[in-house]
Amino acid sequence: MKILDRYILFSFLKTFFSVFVILMLIFVLQAIWTFISDFAGKDIELIVIAKFLFYYLPYQVPLLLPLTILVASIMTFGDFAENYEFAAMKSAGISLQRAMKSLIVFIVLLGFATFYFSNTVIPWAEFKAINLKNNIAKVKPAMAIVEGVFTQIGEYNIKVTKKSGDNGQYLDDVIIHQKIKGRPGNYTVIKSKSGELASEENSNYLKLILYDGHYYDEIYPKTFEQRQKLPFVKSSFGEHVINIDLSQLNNVDLGDESVSHPYKMLNASELIIQIDSASQGVNKSQARYQNLIKQRNGFYSVSKRERIVKNYNKTNTKDAAKKSSTKDTSEKKLNKKIDSNISKSPKLQLNTSQIPNSNLSDSTPENSKLIDQKKRKEKKKPTYKDLSGESDMQTILAEYPDREWGQIFSRAISTVNSVIPQVQNQQNSYKNRYIVLNKTETHLHNKYALGVACVILFFVGAPLGAIIRKGGIGLPLVFAILIFLIYHFLGIFAQNSAETGKISPFLGSWISTFIFFPVGFYFTYKATTDQGFVNIDFIAVPIRKLLIKLKLNKYKTRE
């Protein structure tokens with residue numbers, strides 16, 4: 001590595017690490033301010049809080065690293081341009097691209113390291129932080145009853161106006177709301193003028209003695225008529241003792257790691273498997289529910305129930321009349337033939353007075369065949385028509401007799417009215433599942449987009465610093481914050497749209513990078529060709545010439 005490359009690299013790294021540490025401290029303070037309510041009043045050791053903040057820091061890297069690269073690149077090249085070091089490089093024949101060579105290699109390697117960090121370290125830190133936060137949330141304040149606010153201890157919410165005594169054991173104006181399992185709401189209220197905490201220091205029971213108070217309890221009857229009367233119980237007491245069991249509240253394992261997350265704790269390969277399994281599960285569930293709905297509304301039974309009884313299509317009335325007349329004539333011919341055969345039989349003529357006519361037809365084989373043929377025609381199976389592919393209502397209704405139309409429409413209306421609420425509820429369920437699936441896919445693309453964004457923002461910041469020719473933390477920091485806010489808000493809006501399905505998750509993760517790619521190319525071109533930030537000569541020069549001309553004309557009129 002040449003001296004110039006080493007000098008440029010070390011100058012950038014010095015600014016890079018300084019900005020990164022400062023921004024990290026700012027975000028740590030913001031994290032403490034955010035989670036202070038989860039730590040206050042729970043007697044948690046400082047090492048546990050420090051461990052949580054340590055697990056929380058990697059989560060901030062995807063937000064800090066692009067901003068750090070942008071600020072450091074603008075400040076470094078702004079210093080070079082302001083101190084005429086960049087002009088000296090150009091006079092020696094060193095272009096902007098040549099000056100950026102060592103930094104380009106470093107930023108590309110940093111991009112790959114960022115992907116590895118986001119694929120391994122961040123999921124591990126998310127797993128630790130989420131489990132530790134969940135365990136901290138379970139820890140209840142055993143003896144920390146804060147003045148003026150409700151403090152939840154087990155199934156009791158306790159509020160006191162004032163605490164006094166050496167250990168704060170004497171309480172004034174105590175209000176207690178007691179929770180009941182399976183019945184949400186505050187139905188049991190205890191109020192007393194004073195109270196006292198009389199439990200021992202290492203005891204698992206909190207003994208609360210109340211003096212001179214009242215007990216209110218709303219009764220929940222079983223019948224609706226009794227519930228309309230709003231019954232309640234009210235009693236007064238001079239002394240009332242409440243023993244609160246703290247054994248389950250104090251025995252919380254802060255090292256428990258049983259909590260999981262659908263996508264935050266997974267790396268790229270696991271996210272791909274999660275996306276495939278989740279999408280297949282959603283598709284199979286939709287197919288099953290679609291088949292269930294079709295079975296409920298009778299769609300599959302259409303092809304089995306259609307018996308062609310009557311055709312109401314006007315274009316086919318003539319054909320139906322011809323078919324019916326043909327059928328009648330064939331039956332008449334068959335009956336005449338049977339009668340003629342019976343009259344020709346001599347044996348049947350002799351016994352016609354003694355044997356019924358219904359048995360005479362069976363006396364000859366020919367008559368038996370003809371009668372069997374007639375019965376087969378009379379008992380011919382009904383013809384069916386497959387209407388599962390039909391969408392025209394008239395075509396379907398034409399296959400049913402008109403007396404059944406009212407029943408068909410009433411059953412259809414009742415079926416639709418019963419199915420609509422179920423479909424709406426299922427639609428909301430599928431909507432939530434699709435949101436989780438889109439978030440998972442967006443989280444996968446963010447791992448790849450972060451490394452590319454670092455490279456793109458470097459090509460935005462380095463030429464911009466050379467153009468504005470200002471170093472330090474003044475103007476470069478203003479430009480860096482403005483550009484980063486645009487980049488960050490574009491990413492947030494795109495990802496929110498991707499979660500709801502308005503755009504694809506791929507576009508939601510990459511759209512800010514795609515937008516800033518031509519911006520970086522434009523700034524690099526401007527800085528390489530020694531052009532200004534925005535060339536406004538095509539506007540300023542004509543205006544300047546016009547003002548000069550007007551000024552000369554003014555002097556001529558005075559003369």
# chains A, B, ... in the order shown; residues from 1 in each chain; ligands from 1

$ residues_around --residues "region 45-54 of chain A" --least-positions-apart "5" --cutoff "12 Å" --atoms "only C-alpha atoms" --output "MDAnalysis selection string"
chainID A and resid 24:25 27:36 38:40 59:60 121:122 124:136 253:255

$ residues_around --residues "Ile209 (chain A)" --least-positions-apart "3" --cutoff "6 Å" --atoms "only C-alpha atoms" --output "PyMOL selection string"
chain A and resi 195-196+240-241

$ write_last_selection --atoms "N, CA, C and O atoms" --output "mmCIF file, in the first residue's frame"
data_model
loop_
_atom_site.group_PDB
_atom_site.id
_atom_site.type_symbol
_atom_site.label_atom_id
_atom_site.label_comp_id
_atom_site.auth_asym_id
_atom_site.auth_seq_id
_atom_site.Cartn_x
_atom_site.Cartn_y
_atom_site.Cartn_z
ATOM 1 N N GLY A 195 -52.865 2.007 56.108
ATOM 2 C CA GLY A 195 -52.435 0.621 56.011
ATOM 3 C C GLY A 195 -51.015 0.463 56.510
ATOM 4 O O GLY A 195 -50.298 1.441 56.780
ATOM 5 N N GLU A 196 -50.597 -0.807 56.604
ATOM 6 C CA GLU A 196 -49.248 -1.088 57.109
ATOM 7 C C GLU A 196 -48.728 -2.358 56.450
ATOM 8 O O GLU A 196 -49.457 -3.357 56.312
ATOM 9 N N HIS A 240 -58.426 -5.157 58.194
ATOM 10 C CA HIS A 240 -58.515 -6.202 57.160
ATOM 11 C C HIS A 240 -57.095 -6.578 56.750
ATOM 12 O O HIS A 240 -56.272 -5.707 56.439
ATOM 13 N N VAL A 241 -56.800 -7.880 56.760
ATOM 14 C CA VAL A 241 -55.449 -8.375 56.465
ATOM 15 C C VAL A 241 -55.457 -9.085 55.118
ATOM 16 O O VAL A 241 -56.336 -9.923 54.854
#

$ closest_residue --among "A:Glu239, A:Tyr434, A:Pro463, A:Leu64" --to "Ile26 (chain A)" --atoms "only C-alpha atoms"
A:Leu64

$ atom_distance --atom1 "CA of Ile145 (chain A)" --atom2 "CA of Ile190 (chain A)"
16.2 Å

$ atom_distance --atom1 "CA of Gln169 (chain A)" --atom2 "CA of His214 (chain A)"
20.7 Å

$ atom_distance --atom1 "CA of Thr395 (chain A)" --atom2 "CA of Ser410 (chain A)"
18.4 Å

$ closest_residue --among "A:Ile293, A:Ala81, A:Ile275, A:Leu96" --to "Val416 (chain A)" --atoms "only C-alpha atoms"
A:Ile293

$ residues_around --residues "Phe10 (chain A)" --least-positions-apart "2" --cutoff "12 Å" --atoms "only C-alpha atoms" --output "ChimeraX atom specification"
/A:1,3-8,12-17,72,76,102-103,106

$ closest_residue --among "A:Lys264, A:Arg411, A:His177, A:Lys234" --to "Val436 (chain A)" --atoms "only C-alpha atoms"
A:Lys264

$ residues_around --residues "Thr529 (chain A)" --least-positions-apart "3" --cutoff "10 Å" --atoms "only C-alpha atoms" --output "MDAnalysis selection string"
chainID A and resid 95:96 524:526 532

$ residues_around --residues "Ala449 (chain A)" --least-positions-apart "4" --cutoff "8 Å" --atoms "only C-alpha atoms" --output "list in words"
His445, Ala453, Ser509, Trp510 and Thr513 of chain A

$ write_last_selection --atoms "C-alpha atoms" --output "compact mmCIF listing (two decimals), in the first residue's frame"
# COMPACT_ATOMS: atom_id res chain seq x y z
CA HIS A 445 -33.71 -9.07 1.87
CA ALA A 453 -26.29 0.26 1.00
CA SER A 509 -36.05 -3.70 1.00
CA TRP A 510 -34.11 -2.49 -2.04
CA THR A 513 -30.71 1.53 -2.44

$ closest_residue --among "A:Ser497, A:Thr223, A:Ser164, A:Gln422" --to "Ile435 (chain A)" --atoms "only C-alpha atoms"
A:Ser497

$ residues_around --residues "Thr500 (chain A)" --least-positions-apart "3" --cutoff "12 Å" --atoms "only C-alpha atoms" --output "PyMOL selection string"
chain A and resi 430-439+442+493-497+503-505+508

$ closest_residue --among "A:Met100, A:Ile244, A:Met89, A:Ile413" --to "Ile153 (chain A)" --atoms "only C-alpha atoms"
A:Ile244
